[in-house]
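*Asks:* Got a structure for you, input.cif, holding mmCIF, C-alpha atoms.
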```cif
data_structure
#
loop_
_atom_site.group_PDB
_atom_site.id
_atom_site.type_symbol
_atom_site.label_atom_id
_atom_site.label_comp_id
_atom_site.auth_asym_id
_atom_site.auth_seq_id
_atom_site.Cartn_x
_atom_site.Cartn_y
_atom_site.Cartn_z
ATOM 1 C CA MET A 149 0.000 0.000 0.000
ATOM 2 C CA ALA A 150 3.026 2.304 0.069
ATOM 3 C CA ASP A 151 2.176 3.197 -3.532
ATOM 4 C CA PHE A 152 -0.995 4.904 -2.293
ATOM 5 C CA GLN A 153 0.553 7.117 0.390
ATOM 6 C CA PRO A 154 0.417 10.841 -0.316
ATOM 7 C CA SER A 155 4.175 11.226 0.299
ATOM 8 C CA PRO A 156 7.177 8.948 0.683
ATOM 9 C CA VAL A 157 8.118 7.692 4.152
ATOM 10 C CA GLY A 158 11.226 9.309 5.585
ATOM 11 C CA ALA A 159 12.555 12.094 7.752
ATOM 12 C CA ASN A 160 12.889 14.872 5.174
ATOM 13 C CA PRO A 161 10.548 17.834 4.629
ATOM 14 C CA GLY A 162 7.318 16.783 2.910
ATOM 15 C CA GLU A 163 7.716 13.113 3.874
ATOM 16 C CA LEU A 164 5.746 10.937 6.289
ATOM 17 C CA MET A 165 7.155 9.729 9.598
ATOM 18 C CA PRO A 166 5.404 6.627 11.044
ATOM 19 C CA VAL A 167 4.381 7.046 14.694
ATOM 20 C CA ALA A 168 1.653 4.485 15.462
ATOM 21 C CA SER A 169 -0.332 1.570 14.096
ATOM 22 C CA ALA A 170 -3.606 -0.141 14.961
ATOM 23 C CA THR A 171 -4.552 -3.776 15.348
ATOM 24 C CA THR A 172 -6.948 -3.250 12.444
ATOM 25 C CA GLY A 173 -4.104 -2.405 10.059
ATOM 26 C CA GLU A 174 -4.163 1.388 9.935
ATOM 27 C CA ALA A 175 -0.985 3.386 10.364
ATOM 28 C CA VAL A 176 -0.580 6.902 11.716
ATOM 29 C CA PHE A 177 2.078 9.191 10.260
ATOM 30 C CA LEU A 178 3.287 12.690 10.959
ATOM 31 C CA HIS A 179 3.572 14.788 7.807
ATOM 32 C CA ILE A 180 6.849 16.686 8.102
ATOM 33 C CA PRO A 181 6.277 20.296 7.004
ATOM 34 C CA ASP A 182 8.043 21.637 3.942
ATOM 35 C CA ASN A 183 9.419 24.591 5.897
ATOM 36 C CA PRO A 184 10.081 25.170 9.620
ATOM 37 C CA SER A 185 7.284 27.719 10.022
ATOM 38 C CA SER A 186 4.581 25.308 8.794
ATOM 39 C CA PRO A 187 2.751 23.068 11.260
ATOM 40 C CA TRP A 188 3.090 19.300 11.396
ATOM 41 C CA ARG A 189 -0.029 17.338 10.370
ATOM 42 C CA VAL A 190 -1.356 13.811 10.892
ATOM 43 C CA VAL A 191 -2.001 11.303 8.091
ATOM 44 C CA VAL A 192 -3.893 8.058 8.722
ATOM 45 C CA GLN A 193 -3.369 5.323 6.110
ATOM 46 C CA GLU A 194 -6.052 2.631 5.912
ATOM 47 C CA PHE A 195 -4.167 -0.498 4.871
ATOM 48 C CA ASP A 196 -7.266 -2.491 3.923
ATOM 49 C CA SER A 197 -7.826 -0.002 1.095
ATOM 50 C CA PRO A 198 -5.737 2.626 -0.688
ATOM 51 C CA ALA A 199 -7.429 5.376 1.333
ATOM 52 C CA TRP A 200 -5.646 7.886 3.529
ATOM 53 C CA THR A 201 -6.816 10.964 5.409
ATOM 54 C CA LEU A 202 -4.878 14.145 6.185
ATOM 55 C CA TYR A 203 -5.865 15.827 9.459
ATOM 56 C CA GLU A 204 -5.126 19.528 9.699
ATOM 57 C CA MET A 205 -4.206 19.218 13.367
ATOM 58 C CA THR A 206 -1.182 18.452 15.481
ATOM 59 C CA PHE A 207 -0.552 14.936 16.775
ATOM 60 C CA SER A 208 -1.587 16.095 20.267
ATOM 61 C CA GLU A 209 -4.901 17.409 18.941
ATOM 62 C CA TRP A 210 -5.437 14.212 16.924
ATOM 63 C CA SER A 211 -4.627 12.004 19.949
ATOM 64 C CA LEU A 212 -7.060 13.949 22.138
ATOM 65 C CA ALA A 213 -9.782 13.654 19.488
ATOM 66 C CA TYR A 214 -9.163 9.892 19.334
ATOM 67 C CA LEU A 215 -9.314 9.529 23.125
ATOM 68 C CA LYS A 216 -12.568 11.509 23.212
ATOM 69 C CA GLY A 217 -14.074 9.050 20.727
ATOM 70 C CA ARG A 218 -14.211 11.339 17.708
ATOM 71 C CA ASP A 219 -13.926 9.846 14.235
ATOM 72 C CA VAL A 220 -10.268 10.134 13.314
ATOM 73 C CA LYS A 221 -10.256 7.123 10.958
ATOM 74 C CA LEU A 222 -8.694 4.586 13.311
ATOM 75 C CA CYS A 223 -11.024 1.589 13.404
ATOM 76 C CA SER A 224 -10.134 0.299 16.858
ATOM 77 C CA ARG A 225 -13.820 0.617 17.837
ATOM 78 C CA ASN A 226 -14.274 -2.846 16.277
ATOM 79 C CA PHE A 227 -12.117 -4.305 19.035
ATOM 80 C CA ALA A 228 -12.824 -1.792 21.816
ATOM 81 C CA PRO A 229 -16.478 -0.760 21.460
ATOM 82 C CA ASP A 230 -16.360 1.138 24.759
ATOM 83 C CA GLY A 231 -13.535 3.304 23.488
ATOM 84 C CA PRO A 232 -9.776 3.295 23.814
ATOM 85 C CA PHE A 233 -8.174 2.102 27.011
ATOM 86 C CA TYR A 234 -4.788 1.392 28.497
ATOM 87 C CA GLU A 235 -3.385 -1.126 30.927
ATOM 88 C CA ILE A 236 -0.354 -0.857 33.149
ATOM 89 C CA LEU A 237 2.077 -3.558 32.071
ATOM 90 C CA PRO A 238 3.449 -5.919 34.734
#
```
Could you write out this file's structure as structure tokens?

*Replies:*
Amino acid sequence: MADFQPSPVGANPGELMPVASATTGEAVFLHIPDNPSSPWRVVVQEFDSPAWTLYEMTFSEWSLAYLKGRDVKLCSRNFAPDGPFYEILP
């Protein structure tokens, strides 16, 4: 599915930096801005289709939206219908 990403994966301006993945196959990337004054954005790639979504928000804003149960294209609701959760590891 790398052929369907909006930018190549890497650490250079304009590229996508992977930061998270879901059990349902989606991946979350940070879109590195083309210049230092531009904001970073979030891209979610749906690996079961060639679809991807660009979110005009920072990763912190995107994470908060996800934790509040807003639709940010990460299909973990299939496995956690009551919303996201965390567990302290032993």

*Asks:* Considering only C-alpha atoms, can you say which of A:Arg189, A:Val157, A:Val167, A:Leu237 comes closest to Thr206 of chain A?

*Replies:*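 The shortest atom-to-atom distance to Thr206 of chain A comes from A:Arg189.
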
*Asks:* Take atom CA of Asn183 of chain A and atom CA of Pro161 of chain A and report the distance between them in Å, one decimal.

*Replies:*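 Here the two named atoms are 7.0 Å from each other.
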
*Asks:* In Å, how far is it from atom CA of Ala175 of chain A to atom CA of Val192 of chain A?

*Replies:*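 Going from atom CA of Ala175 of chain A over to atom CA of Val192 of chain A covers 5.7 Å.
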
*Asks:* Using all atoms listed in the file, which residue out of A:Ser155, A:His179, A:Gly217, A:Ala168 lies closest to Val191 of chain A?

*Replies:*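 The shortest atom-to-atom distance to Val191 of chain A comes from A:His179.
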
*Asks:* Translate the PyMOL selection byres ((chain A and resi 169) around 12), as applied to the file shown, into an explicit residue set as JSON, numbers by chain.

*Replies:* {"A": [165, 166, 167, 168, 170, 171, 172, 173, 174, 175, 176, 177, 191, 192, 193, 194, 195, 221, 222, 223, 224]}

*Asks:* To one decimal in Å, tell me the separation between atom CA of Ser208 of chain A and atom CA of Pro187 of chain A.

*Replies:*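 These two atoms are separated by 12.2 Å.
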
*Asks:* Just say which residues the PyMOL selection byres ((chain A and resi 180) around 7) picks in this file, as a list in words.

*Replies:*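 Taken on the displayed file, the PyMOL selection byres ((chain A and resi 180) around 7) yields the residues Asn160, Pro161, Gly162, Glu163, Leu164, Leu178, His179, Pro181, Asp182 and Trp188 of chain A.
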